[in-house]
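For reference, the structure discussed in these notes is given below.
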Amino acid sequence: MKTLALALAILFPSLASADSTVLAFKGGIRVDPVAGVTSTGTPAVNVVRGVSPGGFTWQITALTAEVQADGRISVDGRGLLLTAGNAIGTTGGQRVFAAVFCGPAATATAHSTSAAGVALAANGHWFAAGIPRNGSDTREE
């Protein structure tokens, strides 16, 4: 039996790896802070899952996120820059934090890194890790 396990590990190295990633996301997104115009002519703010948008539109070139089997989550963002206003093409000196929403849309709970966030590098790159597994787990890894 040990010979079979060794042969499988040699033929299929992924079977022998200790990769504990259970979910991964790779992509890029952008946001518009205005979702439309109300019947009274005022802008309708684009609030998503209770999170208000920034004052200007922005986009991100690349975003990857991984959820590990033990509940750890890491997020790596590249090129998060403003796409409007006098600070267009810059970070505008902003800080960011990562949040994950778990469960059905109507009852989803948020888990996030510290709301203090991390400063964006001049090119819009950032990394966040340590999203707690649940509300009682406050570790920052």
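We label chains A, B, ... in the order they appear in the structure tokens, count residues from 1 in each chain, and number ligands from 1 in the order shown.
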>> Taking 5 positions as the minimum chain separation for residues in the same chain, which residues sit within 7 Å of stretch 119-125 of chain A when counting only C-alpha atoms? Answer as JSON, numbers by chain.
In response: {"A": [77, 78, 79, 80, 81, 90, 91, 94, 95, 96]}
Using the selection just defined, write its residues with C-alpha atoms as a JSON list (two decimals), in the first residue's frame.
[["chain", "number", "residue", "atom", "x", "y", "z"],
["A", 77, "GLY", "CA", -5.37, 43.79, -5.27],
["A", 78, "ARG", "CA", -3.45, 45.40, -8.14],
["A", 79, "GLY", "CA", -4.00, 48.80, -9.73],
["A", 80, "LEU", "CA", -6.84, 50.20, -7.59],
["A", 81, "LEU", "CA", -7.09, 53.73, -8.99],
["A", 90, "THR", "CA", -4.06, 57.94, -8.64],
["A", 91, "THR", "CA", -5.06, 56.29, -5.38],
["A", 94, "GLN", "CA", -7.02, 56.17, 0.16],
["A", 95, "ARG", "CA", -6.91, 53.15, 2.46],
["A", 96, "VAL", "CA", -8.76, 49.89, 1.74]]
> Mind checking DSSP for stretch 20-123 of chain A and telling me the strand (DSSP E or B) residues as a PyMOL selection string?
Replying inline: chain A and resi 21-27+30-31+34-37+43-45+48+51+58-59+62-68+73-78+81-82+95-96+99-102+109-112+118-119
Could the residues in this selection be written to a file with C-alpha atoms, as a CSV table (one decimal), in the first residue's frame?
chain,number,residue,atom,x,y,z
A,21,THR,CA,-7.4,26.4,-0.6
A,22,VAL,CA,-11.2,25.7,-0.7
A,23,LEU,CA,-12.3,28.7,-2.8
A,24,ALA,CA,-10.4,31.1,-5.0
A,25,PHE,CA,-11.5,34.2,-7.0
A,26,LYS,CA,-9.5,35.9,-9.8
A,27,GLY,CA,-10.8,38.9,-11.6
A,30,ARG,CA,-15.0,48.7,-11.0
A,31,VAL,CA,-17.6,50.7,-9.2
A,34,VAL,CA,-24.2,56.4,-8.3
A,35,ALA,CA,-26.7,53.6,-9.1
A,36,GLY,CA,-29.1,55.9,-11.0
A,37,VAL,CA,-31.4,58.8,-10.4
A,43,PRO,CA,-28.6,60.6,-7.3
A,44,ALA,CA,-29.3,57.1,-5.9
A,45,VAL,CA,-26.1,56.1,-4.0
A,48,VAL,CA,-23.8,47.3,-1.8
A,51,VAL,CA,-21.1,49.4,2.2
A,58,TRP,CA,-12.7,53.7,-9.4
A,59,GLN,CA,-11.5,50.5,-11.0
A,62,ALA,CA,-6.6,42.6,-10.9
A,63,LEU,CA,-8.0,41.0,-7.7
A,64,THR,CA,-7.3,37.6,-6.3
A,65,ALA,CA,-8.8,36.1,-3.1
A,66,GLU,CA,-8.3,32.7,-1.5
A,67,VAL,CA,-10.2,31.0,1.3
A,68,GLN,CA,-8.3,28.4,3.2
A,73,ILE,CA,-8.8,34.6,3.8
A,74,SER,CA,-6.2,36.6,1.8
A,75,VAL,CA,-6.9,39.2,-0.8
A,76,ASP,CA,-4.4,40.7,-3.2
A,77,GLY,CA,-5.4,43.8,-5.3
A,78,ARG,CA,-3.5,45.4,-8.1
A,81,LEU,CA,-7.1,53.7,-9.0
A,82,LEU,CA,-9.6,56.5,-9.2
A,95,ARG,CA,-6.9,53.1,2.5
A,96,VAL,CA,-8.8,49.9,1.7
A,99,ALA,CA,-14.8,42.1,3.3
A,100,VAL,CA,-16.4,38.8,2.6
A,101,PHE,CA,-20.2,38.3,2.7
A,102,CYS,CA,-21.3,34.7,3.6
A,109,THR,CA,-23.0,38.2,7.3
A,110,ALA,CA,-19.9,40.2,6.7
A,111,HIS,CA,-16.4,39.2,7.8
A,112,SER,CA,-13.6,41.7,7.2
A,118,VAL,CA,-4.2,49.4,4.6
A,119,ALA,CA,-2.7,52.3,2.6
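The interatomic distance for the pair atom CA of A:Asn86 and atom CA of A:Ile29 works out to 21.5 Å.
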> Between atom CA of A:Pro53 and atom CA of A:Phe97, what is the distance, to one decimal in Å?
Replying inline: 12.9 Å
> Hey, can you check how far atom CA of A:Gly103 sits from atom CA of A:Arg49?
Replying inline: 11.9 Å
